[in-house]
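Q: My file is data27.tsv. It has TSV, N, CA and C atoms:
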chain	number	residue	atom	x	y	z
K	1	MET	N	-4.22	11.19	3.57
K	1	MET	CA	-4.48	11.77	4.85
K	1	MET	C	-3.51	12.93	5.05
K	2	PHE	N	-4.01	14.00	5.57
K	2	PHE	CA	-3.20	15.19	5.82
K	2	PHE	C	-3.06	15.35	7.33
K	3	LEU	N	-1.85	15.56	7.79
K	3	LEU	CA	-1.59	15.75	9.22
K	3	LEU	C	-1.19	17.19	9.48
K	4	GLU	N	-1.82	17.79	10.49
K	4	GLU	CA	-1.50	19.16	10.84
K	4	GLU	C	-1.83	19.39	12.31
K	5	ASP	N	-0.87	19.86	13.06
K	5	ASP	CA	-1.05	20.18	14.48
K	5	ASP	C	-1.70	19.03	15.26
K	6	GLY	N	-1.26	17.80	15.00
K	6	GLY	CA	-1.77	16.65	15.73
K	6	GLY	C	-3.11	16.13	15.25
K	7	CYS	N	-3.70	16.77	14.25
K	7	CYS	CA	-4.99	16.32	13.70
K	7	CYS	C	-4.75	15.70	12.33
K	8	SER	N	-5.54	14.71	12.00
K	8	SER	CA	-5.43	14.10	10.68
K	8	SER	C	-6.79	14.05	10.02
K	9	TYR	N	-6.78	14.25	8.72
K	9	TYR	CA	-8.02	14.18	7.95
K	9	TYR	C	-7.67	13.85	6.50
K	10	PRO	N	-8.61	13.22	5.79
K	10	PRO	CA	-8.33	12.89	4.39
K	10	PRO	C	-8.22	14.14	3.55
K	11	ASP	N	-7.31	14.12	2.60
K	11	ASP	CA	-7.19	15.27	1.70
K	11	ASP	C	-7.83	14.99	0.35
K	12	HIS	N	-8.36	13.77	0.17
K	12	HIS	CA	-8.97	13.41	-1.10
K	12	HIS	C	-9.98	12.29	-0.86
K	13	ALA	N	-11.13	12.36	-1.47
K	13	ALA	CA	-12.15	11.31	-1.38
K	13	ALA	C	-12.84	11.19	-2.73
K	14	VAL	N	-13.28	9.99	-3.04
K	14	VAL	CA	-14.00	9.74	-4.28
K	14	VAL	C	-15.31	9.04	-3.92
K	15	LEU	N	-16.42	9.62	-4.33
K	15	LEU	CA	-17.73	9.01	-4.11
K	15	LEU	C	-18.13	8.23	-5.36
K	16	THR	N	-18.59	7.00	-5.15
K	16	THR	CA	-19.04	6.18	-6.28
K	16	THR	C	-20.46	5.70	-6.01
K	17	ASN	N	-21.04	5.04	-6.99
K	17	ASN	CA	-22.39	4.52	-6.83
K	17	ASN	C	-22.42	3.16	-6.15
K	18	ALA	N	-21.31	2.71	-5.62
K	18	ALA	CA	-21.15	1.46	-4.86
K	18	ALA	C	-21.28	0.21	-5.72
K	19	THR	N	-21.42	0.34	-7.02
K	19	THR	CA	-21.45	-0.84	-7.88
K	19	THR	C	-20.11	-1.07	-8.56
K	20	GLU	N	-19.22	-0.09	-8.51
K	20	GLU	CA	-17.90	-0.23	-9.10
K	20	GLU	C	-16.96	-0.91	-8.11
K	21	GLN	N	-16.00	-1.67	-8.63
K	21	GLN	CA	-15.00	-2.26	-7.76
K	21	GLN	C	-14.06	-1.18	-7.24
K	22	GLU	N	-13.69	-1.29	-5.96
K	22	GLU	CA	-12.77	-0.31	-5.38
K	22	GLU	C	-11.45	-0.28	-6.12
K	23	ARG	N	-11.01	-1.44	-6.58
K	23	ARG	CA	-9.72	-1.54	-7.26
K	23	ARG	C	-9.62	-0.57	-8.43
K	24	GLY	N	-10.74	-0.35	-9.12
K	24	GLY	CA	-10.75	0.57	-10.26
K	24	GLY	C	-10.57	2.02	-9.87
K	25	GLN	N	-10.67	2.33	-8.58
K	25	GLN	CA	-10.53	3.71	-8.12
K	25	GLN	C	-9.08	4.09	-7.83
K	26	LEU	N	-8.16	3.13	-7.88
K	26	LEU	CA	-6.75	3.44	-7.61
K	26	LEU	C	-6.23	4.54	-8.52
K	27	GLU	N	-6.58	4.47	-9.79
K	27	GLU	CA	-6.10	5.48	-10.74
K	27	GLU	C	-6.61	6.87	-10.38
K	28	VAL	N	-7.78	6.94	-9.77
K	28	VAL	CA	-8.37	8.22	-9.39
K	28	VAL	C	-7.75	8.72	-8.08
K	29	LEU	N	-7.54	7.81	-7.14
K	29	LEU	CA	-7.05	8.21	-5.81
K	29	LEU	C	-5.57	8.55	-5.78
K	30	VAL	N	-4.76	7.84	-6.56
K	30	VAL	CA	-3.31	8.05	-6.54
K	30	VAL	C	-2.97	9.16	-7.52
K	31	ASP	N	-2.42	10.24	-6.99
K	31	ASP	CA	-2.03	11.35	-7.86
K	31	ASP	C	-0.51	11.34	-8.06
K	32	ASP	N	0.05	12.45	-8.44
K	32	ASP	CA	1.49	12.51	-8.73
K	32	ASP	C	2.35	12.75	-7.50
K	33	ASP	N	1.76	12.77	-6.31
K	33	ASP	CA	2.52	13.06	-5.10
K	33	ASP	C	3.22	11.80	-4.61
K	34	LYS	N	4.52	11.72	-4.89
K	34	LYS	CA	5.30	10.55	-4.48
K	34	LYS	C	5.91	10.73	-3.10
K	35	GLU	N	5.67	11.86	-2.46
K	35	GLU	CA	6.22	12.09	-1.12
K	35	GLU	C	5.23	11.73	-0.02
K	36	CYS	N	4.07	11.24	-0.40
K	36	CYS	CA	3.10	10.86	0.63
K	36	CYS	C	3.03	9.33	0.72
K	37	LEU	N	2.40	8.84	1.75
K	37	LEU	CA	2.21	7.41	1.97
K	37	LEU	C	0.75	7.09	1.71
K	38	TYR	N	0.49	6.24	0.73
K	38	TYR	CA	-0.88	5.83	0.41
K	38	TYR	C	-1.25	4.62	1.25
K	39	VAL	N	-2.46	4.62	1.77
K	39	VAL	CA	-2.94	3.52	2.62
K	39	VAL	C	-4.19	2.95	1.96
K	40	PHE	N	-4.17	1.64	1.67
K	40	PHE	CA	-5.27	0.98	0.99
K	40	PHE	C	-5.81	-0.17	1.82
K	41	ASP	N	-7.11	-0.39	1.75
K	41	ASP	CA	-7.72	-1.56	2.35
K	41	ASP	C	-7.64	-2.71	1.34
K	42	ARG	N	-8.03	-3.90	1.75
K	42	ARG	CA	-7.95	-5.07	0.87
K	42	ARG	C	-8.78	-4.94	-0.40
K	43	GLY	N	-9.81	-4.14	-0.38
K	43	GLY	CA	-10.64	-3.97	-1.58
K	43	GLY	C	-9.86	-3.38	-2.74
K	44	TYR	N	-8.74	-2.75	-2.45
K	44	TYR	CA	-7.92	-2.11	-3.49
K	44	TYR	C	-6.78	-3.01	-3.97
K	45	LEU	N	-6.73	-4.25	-3.50
K	45	LEU	CA	-5.62	-5.13	-3.87
K	45	LEU	C	-5.53	-5.31	-5.38
K	46	ASP	N	-4.43	-4.88	-5.92
K	46	ASP	CA	-4.13	-5.04	-7.34
K	46	ASP	C	-2.61	-5.13	-7.42
K	47	TYR	N	-2.09	-6.35	-7.33
K	47	TYR	CA	-0.65	-6.55	-7.23
K	47	TYR	C	0.10	-5.97	-8.42
K	48	GLU	N	-0.45	-6.08	-9.60
K	48	GLU	CA	0.24	-5.51	-10.76
K	48	GLU	C	0.32	-3.99	-10.66
K	49	ARG	N	-0.74	-3.36	-10.19
K	49	ARG	CA	-0.73	-1.90	-10.00
K	49	ARG	C	0.25	-1.54	-8.89
K	50	PHE	N	0.26	-2.30	-7.79
K	50	PHE	CA	1.21	-2.05	-6.71
K	50	PHE	C	2.64	-2.18	-7.21
K	51	ASP	N	2.88	-3.15	-8.09
K	51	ASP	CA	4.22	-3.34	-8.65
K	51	ASP	C	4.64	-2.11	-9.46
K	52	ARG	N	3.72	-1.59	-10.29
K	52	ARG	CA	4.02	-0.38	-11.06
K	52	ARG	C	4.27	0.81	-10.13
K	53	MET	N	3.45	0.94	-9.08
K	53	MET	CA	3.63	2.04	-8.13
K	53	MET	C	5.00	1.98	-7.48
K	54	THR	N	5.43	0.76	-7.12
K	54	THR	CA	6.76	0.59	-6.52
K	54	THR	C	7.84	1.02	-7.50
K	55	ASP	N	7.73	0.58	-8.74
K	55	ASP	CA	8.71	0.96	-9.77
K	55	ASP	C	8.74	2.46	-10.00
K	56	GLU	N	7.59	3.12	-9.84
K	56	GLU	CA	7.49	4.57	-10.07
K	56	GLU	C	7.87	5.40	-8.84
K	57	GLY	N	8.20	4.74	-7.71
K	57	GLY	CA	8.67	5.46	-6.54
K	57	GLY	C	7.61	5.85	-5.53
K	58	TYR	N	6.42	5.26	-5.61
K	58	TYR	CA	5.36	5.54	-4.63
K	58	TYR	C	5.57	4.69	-3.38
K	59	PHE	N	5.08	5.18	-2.24
K	59	PHE	CA	5.11	4.45	-0.98
K	59	PHE	C	3.67	4.17	-0.58
K	60	PHE	N	3.40	2.95	-0.12
K	60	PHE	CA	2.04	2.60	0.25
K	60	PHE	C	2.02	1.46	1.26
K	61	VAL	N	0.89	1.33	1.92
K	61	VAL	CA	0.63	0.25	2.88
K	61	VAL	C	-0.71	-0.35	2.49
K	62	SER	N	-0.80	-1.67	2.53
K	62	SER	CA	-2.06	-2.33	2.23
K	62	SER	C	-2.17	-3.61	3.05
K	63	ARG	N	-3.38	-3.95	3.43
K	63	ARG	CA	-3.62	-5.25	4.04
K	63	ARG	C	-3.58	-6.29	2.94
K	64	LEU	N	-3.13	-7.49	3.28
K	64	LEU	CA	-3.06	-8.57	2.31
K	64	LEU	C	-4.12	-9.62	2.59
K	65	ARG	N	-4.38	-10.43	1.61
K	65	ARG	CA	-5.28	-11.57	1.81
K	65	ARG	C	-4.58	-12.60	2.69
K	66	LYS	N	-5.36	-13.39	3.41
K	66	LYS	CA	-4.79	-14.40	4.31
K	66	LYS	C	-3.89	-15.38	3.59
K	67	LYS	N	-4.22	-15.72	2.37
K	67	LYS	CA	-3.46	-16.73	1.63
K	67	LYS	C	-2.36	-16.13	0.76
K	68	ALA	N	-2.04	-14.87	0.96
K	68	ALA	CA	-0.99	-14.23	0.16
K	68	ALA	C	0.35	-14.93	0.40
K	69	VAL	N	1.08	-15.17	-0.67
K	69	VAL	CA	2.41	-15.76	-0.59
K	69	VAL	C	3.40	-14.62	-0.42
K	70	VAL	N	4.11	-14.60	0.73
K	70	VAL	CA	5.01	-13.50	1.06
K	70	VAL	C	6.39	-14.06	1.41
K	71	ARG	N	7.43	-13.48	0.82
K	71	ARG	CA	8.81	-13.87	1.13
K	71	ARG	C	9.61	-12.62	1.46
K	72	SER	N	10.31	-12.64	2.58
K	72	SER	CA	11.09	-11.48	3.02
K	72	SER	C	12.42	-11.43	2.29
K	73	LEU	N	12.76	-10.25	1.76
K	73	LEU	CA	14.06	-10.04	1.13
K	73	LEU	C	15.03	-9.36	2.08
K	74	GLU	N	14.50	-8.43	2.87
K	74	GLU	CA	15.35	-7.69	3.80
K	74	GLU	C	14.52	-7.27	5.01
K	75	HIS	N	15.08	-7.47	6.19
K	75	HIS	CA	14.40	-7.12	7.44
K	75	HIS	C	15.17	-5.98	8.11
K	76	PHE	N	14.44	-4.95	8.54
K	76	PHE	CA	15.05	-3.81	9.22
K	76	PHE	C	14.73	-3.86	10.70
K	77	LYS	N	15.73	-3.61	11.53
K	77	LYS	CA	15.51	-3.62	12.99
K	77	LYS	C	14.74	-2.38	13.42
K	78	SER	N	13.83	-2.60	14.35
K	78	SER	CA	13.08	-1.50	14.96
K	78	SER	C	13.55	-1.38	16.40
K	79	PRO	N	13.51	-0.18	16.98
K	79	PRO	CA	13.87	-0.04	18.39
K	79	PRO	C	12.98	-0.95	19.25
K	80	GLU	N	13.52	-1.43	20.36
K	80	GLU	CA	12.77	-2.36	21.22
K	80	GLU	C	11.47	-1.76	21.73
K	81	ASP	N	11.43	-0.46	21.95
K	81	ASP	CA	10.22	0.17	22.48
K	81	ASP	C	9.27	0.63	21.37
K	82	SER	N	9.55	0.24	20.13
K	82	SER	CA	8.74	0.66	18.99
K	82	SER	C	7.43	-0.12	18.92
K	83	ILE	N	6.40	0.52	18.39
K	83	ILE	CA	5.13	-0.17	18.16
K	83	ILE	C	5.12	-0.87	16.80
K	84	VAL	N	6.19	-0.71	16.03
K	84	VAL	CA	6.30	-1.35	14.72
K	84	VAL	C	6.52	-2.85	14.93
K	85	LEU	N	5.65	-3.67	14.34
K	85	LEU	CA	5.77	-5.11	14.48
K	85	LEU	C	6.81	-5.69	13.54
K	86	SER	N	6.90	-5.15	12.33
K	86	SER	CA	7.84	-5.65	11.34
K	86	SER	C	8.06	-4.59	10.27
K	87	ASP	N	9.30	-4.46	9.82
K	87	ASP	CA	9.66	-3.52	8.76
K	87	ASP	C	10.53	-4.29	7.77
K	88	GLU	N	9.97	-4.61	6.61
K	88	GLU	CA	10.66	-5.48	5.67
K	88	GLU	C	10.43	-5.05	4.22
K	89	ILE	N	11.36	-5.44	3.37
K	89	ILE	CA	11.14	-5.42	1.93
K	89	ILE	C	10.75	-6.85	1.59
K	90	ILE	N	9.62	-7.00	0.89
K	90	ILE	CA	9.09	-8.34	0.65
K	90	ILE	C	8.80	-8.57	-0.83
K	91	VAL	N	8.66	-9.83	-1.17
K	91	VAL	CA	8.16	-10.25	-2.47
K	91	VAL	C	6.80	-10.88	-2.22
K	92	ILE	N	5.81	-10.44	-3.00
K	92	ILE	CA	4.46	-10.99	-2.88
K	92	ILE	C	4.18	-11.79	-4.13
K	93	GLY	N	3.74	-13.03	-3.96
K	93	GLY	CA	3.37	-13.86	-5.09
K	93	GLY	C	4.22	-15.11	-5.19
K	94	THR	N	3.90	-15.94	-6.16
K	94	THR	CA	4.62	-17.18	-6.37
K	94	THR	C	5.84	-16.93	-7.24
K	95	THR	N	6.64	-17.97	-7.46
K	95	THR	CA	7.82	-17.81	-8.31
K	95	THR	C	7.43	-17.54	-9.75
K	96	ARG	N	6.23	-17.98	-10.16
K	96	ARG	CA	5.76	-17.70	-11.52
K	96	ARG	C	5.35	-16.25	-11.68
K	97	LYS	N	4.74	-15.69	-10.64
K	97	LYS	CA	4.21	-14.33	-10.74
K	97	LYS	C	4.45	-13.65	-9.39
K	98	CYS	N	5.51	-12.86	-9.30
K	98	CYS	CA	5.81	-12.23	-8.02
K	98	CYS	C	6.04	-10.73	-8.23
K	99	PHE	N	5.83	-9.99	-7.15
K	99	PHE	CA	5.96	-8.54	-7.16
K	99	PHE	C	6.82	-8.14	-5.97
K	100	VAL	N	7.80	-7.27	-6.17
K	100	VAL	CA	8.70	-6.84	-5.10
K	100	VAL	C	8.21	-5.52	-4.54
K	101	PHE	N	8.04	-5.46	-3.20
K	101	PHE	CA	7.60	-4.24	-2.51
K	101	PHE	C	8.55	-3.94	-1.38
Do you think you could lay out the structure here as structure tokens?
A:
Amino acid sequence: MFLEDGCSYPDHAVLTNATEQERGQLEVLVDDDKECLYVFDRGYLDYERFDRMTDEGYFFVSRLRKKAVVRSLEHFKSPEDSIVLSDEIIVIGTTRKCFVF
């Protein structure tokens, strides 16, 4: 998404035939721009890919599945008047297979 003068619009879109899984489009949608924030819906959930993105310095937000195992490593305070509900560094997954975000 590109923000300019209070307006926002996508700067990149990929059209598919709707038979491909959204998860497979991550490689197409994520470019070399590590200064932007990528926003993904649950259809793009790929924890191993998210783990690589974190290691490579990308920033992103994604909705999680209801049954996702999440453990907080560090919690950051938000101002009392902030609309931010929570700001944390978390581990997603079980002790056998976990990813740090």
Q: In region 7-100 of chain K, what's strand (DSSP E) per DSSP? Answer as number ranges by chain?
A: K: 7-9, 37-40, 59-62, 70-75, 88-93, 98-100
Q: Would you mind reading off the distance between atom C of Asp51 (chain K) and atom C of Phe76 (chain K), one decimal, in Å?
A: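 Atom C of Asp51 (chain K) sits 22.6 Å away from atom C of Phe76 (chain K).
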Q: Just the number, please: distance in Å from CA of Glu27 (chain K) to atom N of Gly93 (chain K), one decimal.
A: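 Separation between CA of Glu27 (chain K) and atom N of Gly93 (chain K): 22.0 Å.
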Q: Could you tell me how far atom N of Asp31 (chain K) lies from CA of Gly57 (chain K), in Å and to one decimal?
A: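 These atoms are spaced 12.1 Å apart.
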Q: Centre and edge lengths, as lines of an AutoDock Vina configuration file, for the axis-aligned box enclosing every listed atom of region 37-51 of chain K with 3 Å of padding on each of the six sides, in Å to one decimal?
A:
center_x = -3.0
center_y = 1.1
center_z = -4.1
size_x = 21.3
size_y = 21.4
size_z = 19.4
Q: Would you give me, as a list in words, the residues in chain K that DSSP reads as helix (DSSP H, G or I)?
A: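 Written out, the helix (DSSP H, G or I) residues of chain K are Glu22, Arg23, Gly24, Gln25, Leu26, Glu27, Val28, Leu29, Arg42, Gly43, Tyr44, Tyr47, Glu48, Arg49, Phe50, Asp51, Arg52, Met53, Thr54 and Asp55 of chain K.
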Q: So, with only C-alpha atoms as the atoms that count, which of K:Val91, K:Gln25, K:Asp46, K:Tyr38 lies closest to Pro10 (chain K)?
A: K:Tyr38
Q: What are the closest atom pairs, with distances in Å to one decimal, for each residue of region 16-48 of chain K lying within 8 Å of region 60-75 of chain K, using all atoms listed in the file, rows by chain and rising residue number, as JSON lines?
A:
{"residue": "K:Cys36", "atom": "C", "partner": "K:Phe60", "partner_atom": "N", "distance": 6.4}
{"residue": "K:Leu37", "atom": "C", "partner": "K:Phe60", "partner_atom": "CA", "distance": 4.9}
{"residue": "K:Tyr38", "atom": "C", "partner": "K:Val61", "partner_atom": "N", "distance": 4.0}
{"residue": "K:Val39", "atom": "CA", "partner": "K:Val61", "partner_atom": "N", "distance": 4.5}
{"residue": "K:Phe40", "atom": "N", "partner": "K:Val61", "partner_atom": "C", "distance": 4.1}
{"residue": "K:Asp41", "atom": "C", "partner": "K:Arg63", "partner_atom": "N", "distance": 4.9}
{"residue": "K:Arg42", "atom": "N", "partner": "K:Arg63", "partner_atom": "N", "distance": 4.9}
{"residue": "K:Gly43", "atom": "N", "partner": "K:Arg63", "partner_atom": "C", "distance": 7.4}
{"residue": "K:Tyr44", "atom": "C", "partner": "K:Ser62", "partner_atom": "CA", "distance": 7.8}
{"residue": "K:Leu45", "atom": "CA", "partner": "K:Arg63", "partner_atom": "C", "distance": 7.2}
